[in-house]
Number of protein chains: 2
Amino acid sequence: MKKNESIGALLTAGEQDLLPALSVDCVIFGFHENQLKVLLVKHRHRDMWALPGGFIGKEEPTDAAAYRVLKERTGLNEIFLQQFHVFGEPERSKKEFHLQDFKKDGINVTANHWILQRFVTIGYYALVEFSKVSPASGSIPEKCVWWDIHKVPTLILDHRKILDKALAALRMQLNYQPIGYNLLPKKFTMPELQKLYETILDKKLDRRNFQRKILGFGILCRLDETKEGVAHKAPYLYSFDLKKYDDALNDGLNLGW
Amino acid sequence: MKKNESIGALLTAGEQDLLPALSVDCVIFGFHENQLKVLLVKHRHRDMWALPGGFIGKEEPTDAAAYRVLKERTGLNEIFLQQFHVFGEPERSKKEFHLQDFKKDGINVTANHWILQRFVTIGYYALVEFSKVSPASGSIPEKCVWWDIHKVPTLILDHRKILDKALAALRMQLNYQPIGYNLLPKKFTMPELQKLYETILDKKLDRRNFQRKILGFGILCRLDETKEGVAHKAPYLYSFDLKKYDDALNDGLNLGW
DNA sequence: ACAAAAGTGTTACTTTTACACCCATGA
DNA sequence: TCATGGGTGTAAAAGTAACACTTTTGT
């Protein structure tokens with residue numbers, strides 16, 4: 001199938017198969033080589049990158065649409081996915097933006113085509129295990145790759161704003177929920193977990209205080225193994241105690257009152 | 001204007017003036033006689049109550065639609081309004097639900113009328129000063145009144161779920177933002193503020209510890225007056241230090257890391 | 001043997017909790 | 001005068017922050 005055929009199919013079938021005026025955009029976070037990463041896509045002809053997003057089926061729950069986008073891009077099913085904000089300004093939709101793309105593809109759309117109308121988008125952020133992901137371009141976007149959170153390129157439309165808001169939401173989540181299960185491999189070391197927190201918060205934490213605090217949550221199991229093949233002293237491996245981790249997700253951690 | 005004329009106008013003009021498939025619902029909180037209240041509306045013919053909600057203009061920001069609903073029901077302009085969740089299950093929309101209403105009004109709508117389609121709704125919660133509000137029924141709902149949060153009647157569709165989620169979001173907000181400016185009169189006493197917290201959290205707090213903690217935020221000014229006309233010792237009056245209050249809104253309070 | 005990273009412990013400081021006493025007022 | 005609610009303080013406990021020494025391992 002040629003690429004613009006699939007675009008054509010979307011443009012034709014969309015009107016009857018998709019919910020109008022509403023979309024989802026996903027900020028997919030991963031963690032690799034001690035850096036927080038975000039998965040971005042690039043469309044042909046376009047010089048800017050974008051968050052992976054999609055439309056919502058007429059009978060599809062909005063959350064399911066976000067899960068579908070995630071599955072398409074990462075191949076993963078069970079991931080932490082969290083709706084965090086709706087972006088509902090009329091100004092965020094730009095007709096010319098799509099028209100330029102279509103022009104380059106030699107596709108004609110009528111001026112009142114559904115895809116040119118204003119779109120409200122629901123922002124989701126996801127936490128995934130980097131090593132389990134094989135970024136999949138799919139049929140429409142040309143590229144789909146991880147970007148270091150500190151080196152994100154220029155993004156289309158208001159996607160930079162969406163990304164920033166997702167990061168803020170993720171930081172907020174650290175204050176009342178455990179994190180890491182969906183970002184780290186099954187077995188990980190304390191310094192790795194700490195680095196994850198430091199990267200998200202963009203600040204240094206004290207090694208010993210971090211360990212005490214995080215162990216205090218009671219969501220970790222120290223295994224009887226140490227990391228192999230590392231320079232210097234081998235750190236212990238830990239895994240999450242799923243049951244207690246889920247309890248903490250539900251009950252919250254640092255609640256103030 | 002007869003009431004069902006305005007419904008008729010909405011049904012006719014909606015298709016071209018409104019964003020399809022998307023609505024807003026507002027959980028409007030107030031505080032009165034030491035009780036947390038929520039503003040509910042009731043439509044004619046319907047035996048259940050509902051959250052005040054509305055549709056979104058074709059060129060209207062979603063936030064503006066929520067502000068408009070609030071203005072319509074409370075008469076208030078400047079209030080704390082916060083988007084908190086999107087409810088996007090297809091099952092939440094029930095065709096029969098609207099059809100029954102229209103039937104009772106003698107209105108005929110076609111089976112594929114826009115109002116019968118699936119709606120995704122954006123939940124907002126608002127905090128308003130009870131005494132400044134004169135609940136306005138407007139043309140479509142028959143009644144619009146305050147309900148004690150503990151005595152909320154049966155609500156339509158998934159509105160109970162929306163209300164519960166709003167309350168959870170409000171409780172969460174207490175953990176990292178100050179609250180009270182939009183719920184209390186300009187001048188208020190410490191016991192009143194405490195009662196507000198206790199009501200939202202649905203739990204008792206220690207009088208002295210509460211005072212110490214809340215004063216520690218540095219967002220209050222103690223005035224040189226005491227409450228008059230009260231039994232027993234007259235409590236001091238306080239007001240919020242707007243500048244510091246806003247700083248606290250932006251920077252957060254109890255952040256954990 | 002040494003540099004670099006990880007394990008562990010201690011102390012000072014801050015915040016939270018629990019609780020007691022005095023004061024003002026209307027009945 | 002007394003019951004009730006409000007103002008204020010203090011001591012113990014818990015939690016946080018700052019910091020030092022020892023252990024392991026590859027080079």
# chains A, B, ... in the order shown; residues from 1 in each chain; ligands from 1
$ interface_residues --of "chain B" --to "chain C" --cutoff "10 Å" --atoms "only C-alpha atoms (C1' of nucleotides)" --output "list in words"
Asp206, Asn209, Lys213, Val230, Ala231, His232, Lys233, Ala234 and Pro235 of chain B
$ select_by_dssp --residues "stretch 126-257 of chain A" --states "helix (DSSP H, G or I)" --output "PyMOL selection string"
chain A and resi 130-132+149-151+159-174+190-201+207-216+242-251
$ write_last_selection --atoms "C-alpha atoms" --output "PDB file, in the first residue's frame"
ATOM      1  CA  PHE A 130      12.191   1.555  27.025  1.00  0.00           C
ATOM      2  CA  SER A 131      13.794  -1.794  26.250  1.00  0.00           C
ATOM      3  CA  LYS A 132      10.474  -3.414  25.415  1.00  0.00           C
ATOM      4  CA  ILE A 149      13.731  15.077  27.011  1.00  0.00           C
ATOM      5  CA  HIS A 150      16.323  17.836  27.055  1.00  0.00           C
ATOM      6  CA  LYS A 151      16.851  17.751  23.298  1.00  0.00           C
ATOM      7  CA  HIS A 159       2.556  20.014  20.915  1.00  0.00           C
ATOM      8  CA  ARG A 160       5.356  21.664  22.869  1.00  0.00           C
ATOM      9  CA  LYS A 161       2.781  23.017  25.276  1.00  0.00           C
ATOM     10  CA  ILE A 162       1.202  19.575  25.572  1.00  0.00           C
ATOM     11  CA  LEU A 163       4.578  18.014  26.290  1.00  0.00           C
ATOM     12  CA  ASP A 164       5.395  20.583  28.958  1.00  0.00           C
ATOM     13  CA  LYS A 165       2.063  20.052  30.637  1.00  0.00           C
ATOM     14  CA  ALA A 166       2.567  16.294  30.575  1.00  0.00           C
ATOM     15  CA  LEU A 167       5.937  16.673  32.239  1.00  0.00           C
ATOM     16  CA  ALA A 168       4.418  18.893  34.890  1.00  0.00           C
ATOM     17  CA  ALA A 169       1.700  16.302  35.480  1.00  0.00           C
ATOM     18  CA  LEU A 170       4.282  13.552  35.725  1.00  0.00           C
ATOM     19  CA  ARG A 171       6.236  15.559  38.302  1.00  0.00           C
ATOM     20  CA  MET A 172       3.064  16.100  40.253  1.00  0.00           C
ATOM     21  CA  GLN A 173       2.388  12.396  40.169  1.00  0.00           C
ATOM     22  CA  LEU A 174       5.686  11.743  41.927  1.00  0.00           C
ATOM     23  CA  MET A 190      18.608   1.654  43.541  1.00  0.00           C
ATOM     24  CA  PRO A 191      20.900   4.104  41.704  1.00  0.00           C
ATOM     25  CA  GLU A 192      18.859   3.506  38.545  1.00  0.00           C
ATOM     26  CA  LEU A 193      15.607   4.262  40.326  1.00  0.00           C
ATOM     27  CA  GLN A 194      17.138   7.337  41.871  1.00  0.00           C
ATOM     28  CA  LYS A 195      18.378   8.521  38.509  1.00  0.00           C
ATOM     29  CA  LEU A 196      14.851   8.163  37.180  1.00  0.00           C
ATOM     30  CA  TYR A 197      13.514  10.430  39.898  1.00  0.00           C
ATOM     31  CA  GLU A 198      16.336  12.879  39.399  1.00  0.00           C
ATOM     32  CA  THR A 199      15.722  12.996  35.674  1.00  0.00           C
ATOM     33  CA  ILE A 200      12.013  13.594  35.995  1.00  0.00           C
ATOM     34  CA  LEU A 201      12.488  16.221  38.660  1.00  0.00           C
ATOM     35  CA  ARG A 207      21.674   8.958  47.677  1.00  0.00           C
ATOM     36  CA  ARG A 208      21.083   7.791  51.242  1.00  0.00           C
ATOM     37  CA  ASN A 209      18.007   9.856  51.958  1.00  0.00           C
ATOM     38  CA  PHE A 210      16.470   8.745  48.701  1.00  0.00           C
ATOM     39  CA  GLN A 211      17.013   5.116  49.556  1.00  0.00           C
ATOM     40  CA  ARG A 212      15.545   5.491  53.014  1.00  0.00           C
ATOM     41  CA  LYS A 213      12.501   7.325  51.770  1.00  0.00           C
ATOM     42  CA  ILE A 214      11.751   5.032  48.875  1.00  0.00           C
ATOM     43  CA  LEU A 215      12.230   1.903  50.982  1.00  0.00           C
ATOM     44  CA  GLY A 216       9.920   3.476  53.508  1.00  0.00           C
ATOM     45  CA  LEU A 242       3.298  -5.449  42.711  1.00  0.00           C
ATOM     46  CA  LYS A 243       0.622  -5.823  45.323  1.00  0.00           C
ATOM     47  CA  LYS A 244       1.976  -3.075  47.533  1.00  0.00           C
ATOM     48  CA  TYR A 245       2.811  -0.968  44.497  1.00  0.00           C
ATOM     49  CA  ASP A 246      -0.807  -1.095  43.366  1.00  0.00           C
ATOM     50  CA  ASP A 247      -2.038  -0.328  46.858  1.00  0.00           C
ATOM     51  CA  ALA A 248       0.184   2.729  46.863  1.00  0.00           C
ATOM     52  CA  LEU A 249      -1.145   3.755  43.451  1.00  0.00           C
ATOM     53  CA  ASN A 250      -4.651   3.660  44.847  1.00  0.00           C
ATOM     54  CA  ASP A 251      -4.109   5.050  48.306  1.00  0.00           C
TER      55      ASP A 251
END
$ closest_atom_pairs --of "chain B" --to "chain A" --cutoff "10 Å" --atoms "only C-alpha atoms" --output "tab-separated table"
residue	atom	partner	partner_atom	distance
B:Leu19	CA	A:Ala21	CA	7.2
B:Pro20	CA	A:Pro20	CA	6.7
B:Ala21	CA	A:Pro20	CA	7.0
B:Leu22	CA	A:Leu22	CA	7.9
B:Ile56	CA	A:Gly88	CA	9.9
B:Gly57	CA	A:Pro90	CA	9.9
B:Lys58	CA	A:Arg118	CA	8.0
B:Glu59	CA	A:Pro90	CA	5.8
B:Glu60	CA	A:Pro90	CA	6.5
B:Pro61	CA	A:Glu89	CA	4.5
B:Thr62	CA	A:Gly88	CA	5.0
B:Asp63	CA	A:Gly88	CA	7.2
B:Ala64	CA	A:Glu89	CA	9.1
B:Gln83	CA	A:His85	CA	7.6
B:Phe84	CA	A:His85	CA	7.7
B:His85	CA	A:His85	CA	7.6
B:Val86	CA	A:Val86	CA	7.8
B:Phe87	CA	A:Thr62	CA	8.1
B:Gly88	CA	A:Thr62	CA	5.0
B:Glu89	CA	A:Pro61	CA	4.5
B:Pro90	CA	A:Pro61	CA	5.8
B:Glu91	CA	A:Pro61	CA	8.6
B:Arg92	CA	A:Pro61	CA	9.9
B:Gln117	CA	A:Lys58	CA	9.4
B:Arg118	CA	A:Lys58	CA	7.9
B:Phe119	CA	A:Leu19	CA	9.3
B:Val120	CA	A:Thr62	CA	8.3
B:Ile122	CA	A:Val86	CA	8.0
B:Arg171	CA	A:Trp257	CA	9.2
B:Met172	CA	A:Leu255	CA	8.1
B:Leu174	CA	A:Trp257	CA	7.8
B:Asn175	CA	A:Gly256	CA	5.0
B:Tyr176	CA	A:Gly256	CA	7.9
B:Tyr197	CA	A:Trp257	CA	9.2
B:Glu198	CA	A:Trp257	CA	9.8
B:Leu201	CA	A:Trp257	CA	8.2
B:Lys203	CA	A:Trp257	CA	9.6
B:Leu205	CA	A:Trp257	CA	8.7
B:Phe210	CA	A:Trp257	CA	9.6
B:Gly252	CA	A:Met172	CA	9.8
B:Leu253	CA	A:Gly256	CA	9.3
B:Asn254	CA	A:Gly256	CA	6.5
B:Leu255	CA	A:Asn175	CA	6.2
B:Gly256	CA	A:Asn175	CA	5.0
B:Trp257	CA	A:Asn175	CA	6.8
$ select_by_dssp --residues "stretch 41-245 of chain B" --states "strand (DSSP E or B)" --output "NGL selection string"
:B and (41-43 or 49-50 or 53-57 or 80-87 or 120-127 or 141-148 or 155 or 188-189 or 220-226 or 236-240)
$ write_last_selection --atoms "N, CA and C atoms" --output "tab-separated table (two decimals), in the first residue's frame"
chain	number	residue	atom	x	y	z
B	41	VAL	N	-29.16	20.97	38.92
B	41	VAL	CA	-30.33	21.45	38.19
B	41	VAL	C	-31.28	20.28	37.94
B	42	LYS	N	-32.54	20.64	37.75
B	42	LYS	CA	-33.53	19.61	37.42
B	42	LYS	C	-34.35	20.08	36.23
B	43	HIS	N	-34.50	19.23	35.28
B	43	HIS	CA	-35.28	19.58	34.10
B	43	HIS	C	-36.73	19.14	34.32
B	49	TRP	N	-31.95	14.66	39.16
B	49	TRP	CA	-31.19	15.90	39.07
B	49	TRP	C	-29.94	15.70	38.23
B	50	ALA	N	-29.33	16.82	37.87
B	50	ALA	CA	-28.17	16.76	36.99
B	50	ALA	C	-27.16	17.83	37.35
B	53	GLY	N	-24.62	21.73	32.87
B	53	GLY	CA	-23.70	21.46	31.77
B	53	GLY	C	-24.10	22.24	30.55
B	54	GLY	N	-23.35	22.06	29.50
B	54	GLY	CA	-23.70	22.77	28.28
B	54	GLY	C	-22.86	22.30	27.12
B	55	PHE	N	-23.18	22.87	25.98
B	55	PHE	CA	-22.45	22.52	24.79
B	55	PHE	C	-21.40	23.60	24.51
B	56	ILE	N	-20.58	23.34	23.50
B	56	ILE	CA	-19.47	24.23	23.21
B	56	ILE	C	-19.67	24.86	21.84
B	57	GLY	N	-19.55	26.17	21.79
B	57	GLY	CA	-19.71	26.86	20.51
B	57	GLY	C	-18.64	26.44	19.52
B	80	PHE	N	-12.94	30.23	40.62
B	80	PHE	CA	-11.93	29.20	40.41
B	80	PHE	C	-12.56	28.06	39.63
B	81	LEU	N	-12.02	27.80	38.47
B	81	LEU	CA	-12.60	26.75	37.62
B	81	LEU	C	-11.48	25.86	37.14
B	82	GLN	N	-11.68	24.58	37.28
B	82	GLN	CA	-10.61	23.65	36.99
B	82	GLN	C	-11.13	22.43	36.25
B	83	GLN	N	-10.55	22.22	35.10
B	83	GLN	CA	-10.85	21.02	34.33
B	83	GLN	C	-10.24	19.84	35.08
B	84	PHE	N	-10.99	18.76	35.27
B	84	PHE	CA	-10.40	17.67	36.05
B	84	PHE	C	-10.44	16.30	35.41
B	85	HIS	N	-11.35	16.05	34.47
B	85	HIS	CA	-11.38	14.73	33.85
B	85	HIS	C	-12.28	14.72	32.63
B	86	VAL	N	-11.94	13.86	31.69
B	86	VAL	CA	-12.80	13.67	30.53
B	86	VAL	C	-13.51	12.34	30.68
B	87	PHE	N	-14.80	12.36	30.44
B	87	PHE	CA	-15.57	11.13	30.51
B	87	PHE	C	-15.92	10.72	29.09
B	120	VAL	N	-18.91	13.04	24.44
B	120	VAL	CA	-17.79	13.00	25.39
B	120	VAL	C	-17.91	14.28	26.20
B	121	THR	N	-17.77	14.18	27.51
B	121	THR	CA	-17.92	15.40	28.30
B	121	THR	C	-16.66	15.70	29.11
B	122	ILE	N	-16.36	16.99	29.18
B	122	ILE	CA	-15.21	17.44	29.96
B	122	ILE	C	-15.73	17.90	31.31
B	123	GLY	N	-15.22	17.29	32.37
B	123	GLY	CA	-15.65	17.66	33.71
B	123	GLY	C	-14.85	18.83	34.27
B	124	TYR	N	-15.54	19.83	34.78
B	124	TYR	CA	-14.90	20.97	35.44
B	124	TYR	C	-15.43	21.05	36.86
B	125	TYR	N	-14.59	21.47	37.79
B	125	TYR	CA	-15.16	21.82	39.08
B	125	TYR	C	-14.85	23.27	39.38
B	126	ALA	N	-15.78	23.88	40.07
B	126	ALA	CA	-15.67	25.30	40.37
B	126	ALA	C	-15.87	25.51	41.86
B	127	LEU	N	-15.19	26.52	42.39
B	127	LEU	CA	-15.36	26.89	43.78
B	127	LEU	C	-15.92	28.30	43.81
B	141	PRO	N	-33.51	24.35	32.28
B	141	PRO	CA	-33.81	23.59	33.50
B	141	PRO	C	-34.89	24.26	34.32
B	142	GLU	N	-35.64	23.46	35.00
B	142	GLU	CA	-36.73	23.98	35.79
B	142	GLU	C	-36.25	24.55	37.12
B	143	LYS	N	-35.33	23.83	37.71
B	143	LYS	CA	-34.83	24.24	39.02
B	143	LYS	C	-33.31	24.23	39.03
B	144	CYS	N	-32.77	25.06	39.92
B	144	CYS	CA	-31.32	25.10	40.10
B	144	CYS	C	-31.07	25.44	41.55
B	145	VAL	N	-30.68	24.47	42.34
B	145	VAL	CA	-30.54	24.71	43.78
B	145	VAL	C	-29.31	24.04	44.36
B	146	TRP	N	-28.92	24.56	45.52
B	146	TRP	CA	-27.80	23.98	46.25
B	146	TRP	C	-28.23	22.72	46.98
B	147	TRP	N	-27.35	21.73	46.97
B	147	TRP	CA	-27.59	20.51	47.73
B	147	TRP	C	-26.41	20.27	48.65
B	148	ASP	N	-26.73	19.84	49.84
B	148	ASP	CA	-25.68	19.42	50.75
B	148	ASP	C	-24.94	18.23	50.13
B	155	LEU	N	-28.75	11.14	40.55
B	155	LEU	CA	-28.41	11.98	39.40
B	155	LEU	C	-28.56	11.20	38.10
B	188	PHE	N	-13.15	36.09	57.16
B	188	PHE	CA	-13.64	34.83	57.70
B	188	PHE	C	-12.82	34.50	58.94
B	189	THR	N	-13.30	33.55	59.71
B	189	THR	CA	-12.58	33.17	60.93
B	189	THR	C	-11.83	31.87	60.70
B	220	LEU	N	-2.29	34.07	54.87
B	220	LEU	CA	-3.39	34.71	55.60
B	220	LEU	C	-2.93	36.00	56.27
B	221	CYS	N	-3.85	36.95	56.37
B	221	CYS	CA	-3.63	38.15	57.18
B	221	CYS	C	-4.64	38.15	58.31
B	222	ARG	N	-4.15	38.26	59.53
B	222	ARG	CA	-5.11	38.40	60.63
B	222	ARG	C	-5.49	39.86	60.73
B	223	LEU	N	-6.77	40.15	60.74
B	223	LEU	CA	-7.25	41.52	60.81
B	223	LEU	C	-7.38	41.94	62.27
B	224	ASP	N	-7.49	43.24	62.48
B	224	ASP	CA	-7.64	43.74	63.84
B	224	ASP	C	-9.09	43.78	64.28
B	225	GLU	N	-9.85	42.83	63.79
B	225	GLU	CA	-11.26	42.78	64.18
B	225	GLU	C	-11.58	41.36	64.60
B	226	THR	N	-12.65	41.27	65.34
B	226	THR	CA	-13.15	39.94	65.67
B	226	THR	C	-14.57	39.83	65.17
B	236	TYR	N	-10.98	35.90	65.82
B	236	TYR	CA	-10.42	36.90	64.93
B	236	TYR	C	-10.93	36.69	63.52
B	237	LEU	N	-10.93	37.79	62.77
B	237	LEU	CA	-11.22	37.68	61.34
B	237	LEU	C	-9.90	37.64	60.57
B	238	TYR	N	-9.90	36.89	59.50
B	238	TYR	CA	-8.74	36.79	58.61
B	238	TYR	C	-9.17	37.13	57.19
B	239	SER	N	-8.18	37.49	56.40
B	239	SER	CA	-8.43	37.58	54.96
B	239	SER	C	-7.22	36.95	54.25
B	240	PHE	N	-7.41	36.61	53.00
B	240	PHE	CA	-6.28	36.05	52.27
B	240	PHE	C	-5.37	37.16	51.76
$ residues_around --residues "A:Leu76" --least-positions-apart "3" --cutoff "8 Å" --atoms "only C-alpha atoms (C1' of nucleotides)" --output "PyMOL selection string"
chain A and resi 70-71+79+132-133
$ atom_distance --atom1 "atom C1' of D:DA3" --atom2 "atom CA of B:Glu228"
19.8 Å
$ residues_around --residues "A:Phe102" --least-positions-apart "4" --cutoff "10 Å" --atoms "only C-alpha atoms (C1' of nucleotides)" --output "list in words"
Asn4, Ile7, Gly8, His45, Glu96, Phe97, His98, Gly106, Ile107, Asn108 and Val109 of chain A
$ write_last_selection --atoms "N, CA, C and O atoms" --output "PDB file, in the first residue's frame"
ATOM      1  N   ASN A   4       0.238   7.434   0.668  1.00  0.00           N
ATOM      2  CA  ASN A   4      -0.880   8.379   0.610  1.00  0.00           C
ATOM      3  C   ASN A   4      -2.216   7.686   0.337  1.00  0.00           C
ATOM      4  O   ASN A   4      -3.261   8.298   0.439  1.00  0.00           O
ATOM      5  N   ILE A   7      -3.612   7.539   3.792  1.00  0.00           N
ATOM      6  CA  ILE A   7      -4.131   8.851   4.176  1.00  0.00           C
ATOM      7  C   ILE A   7      -5.478   9.073   3.498  1.00  0.00           C
ATOM      8  O   ILE A   7      -6.448   9.492   4.131  1.00  0.00           O
ATOM      9  N   GLY A   8      -5.514   8.735   2.236  1.00  0.00           N
ATOM     10  CA  GLY A   8      -6.770   8.868   1.510  1.00  0.00           C
ATOM     11  C   GLY A   8      -7.891   8.093   2.171  1.00  0.00           C
ATOM     12  O   GLY A   8      -9.009   8.601   2.331  1.00  0.00           O
ATOM     13  N   HIS A  45       7.349  15.197   4.394  1.00  0.00           N
ATOM     14  CA  HIS A  45       7.175  16.567   3.921  1.00  0.00           C
ATOM     15  C   HIS A  45       7.215  17.587   5.045  1.00  0.00           C
ATOM     16  O   HIS A  45       7.321  18.779   4.802  1.00  0.00           O
ATOM     17  N   GLU A  96      -4.413  25.667   7.485  1.00  0.00           N
ATOM     18  CA  GLU A  96      -3.309  25.706   6.517  1.00  0.00           C
ATOM     19  C   GLU A  96      -2.324  24.579   6.794  1.00  0.00           C
ATOM     20  O   GLU A  96      -1.706  24.032   5.882  1.00  0.00           O
ATOM     21  N   PHE A  97      -2.180  24.278   8.064  1.00  0.00           N
ATOM     22  CA  PHE A  97      -1.231  23.255   8.463  1.00  0.00           C
ATOM     23  C   PHE A  97      -1.489  21.931   7.729  1.00  0.00           C
ATOM     24  O   PHE A  97      -0.591  21.352   7.135  1.00  0.00           O
ATOM     25  N   HIS A  98      -2.738  21.485   7.758  1.00  0.00           N
ATOM     26  CA  HIS A  98      -3.068  20.235   7.072  1.00  0.00           C
ATOM     27  C   HIS A  98      -3.066  20.413   5.559  1.00  0.00           C
ATOM     28  O   HIS A  98      -2.609  19.548   4.824  1.00  0.00           O
ATOM     29  N   GLY A 106      -0.355  15.781  -3.069  1.00  0.00           N
ATOM     30  CA  GLY A 106      -1.235  15.806  -4.233  1.00  0.00           C
ATOM     31  C   GLY A 106      -2.653  15.366  -3.917  1.00  0.00           C
ATOM     32  O   GLY A 106      -3.369  14.860  -4.772  1.00  0.00           O
ATOM     33  N   ILE A 107      -3.037  15.555  -2.657  1.00  0.00           N
ATOM     34  CA  ILE A 107      -4.395  15.176  -2.264  1.00  0.00           C
ATOM     35  C   ILE A 107      -5.253  16.429  -2.187  1.00  0.00           C
ATOM     36  O   ILE A 107      -4.830  17.449  -1.648  1.00  0.00           O
ATOM     37  N   ASN A 108      -6.442  16.333  -2.732  1.00  0.00           N
ATOM     38  CA  ASN A 108      -7.366  17.458  -2.637  1.00  0.00           C
ATOM     39  C   ASN A 108      -8.424  17.189  -1.586  1.00  0.00           C
ATOM     40  O   ASN A 108      -9.045  16.136  -1.587  1.00  0.00           O
ATOM     41  N   VAL A 109      -8.597  18.117  -0.699  1.00  0.00           N
ATOM     42  CA  VAL A 109      -9.710  17.994   0.244  1.00  0.00           C
ATOM     43  C   VAL A 109     -10.561  19.248   0.136  1.00  0.00           C
ATOM     44  O   VAL A 109     -10.039  20.339  -0.106  1.00  0.00           O
TER      45      VAL A 109
END
$ atom_distance --atom1 "atom CA of B:Thr154" --atom2 "atom CA of B:Ile140"
19.6 Å
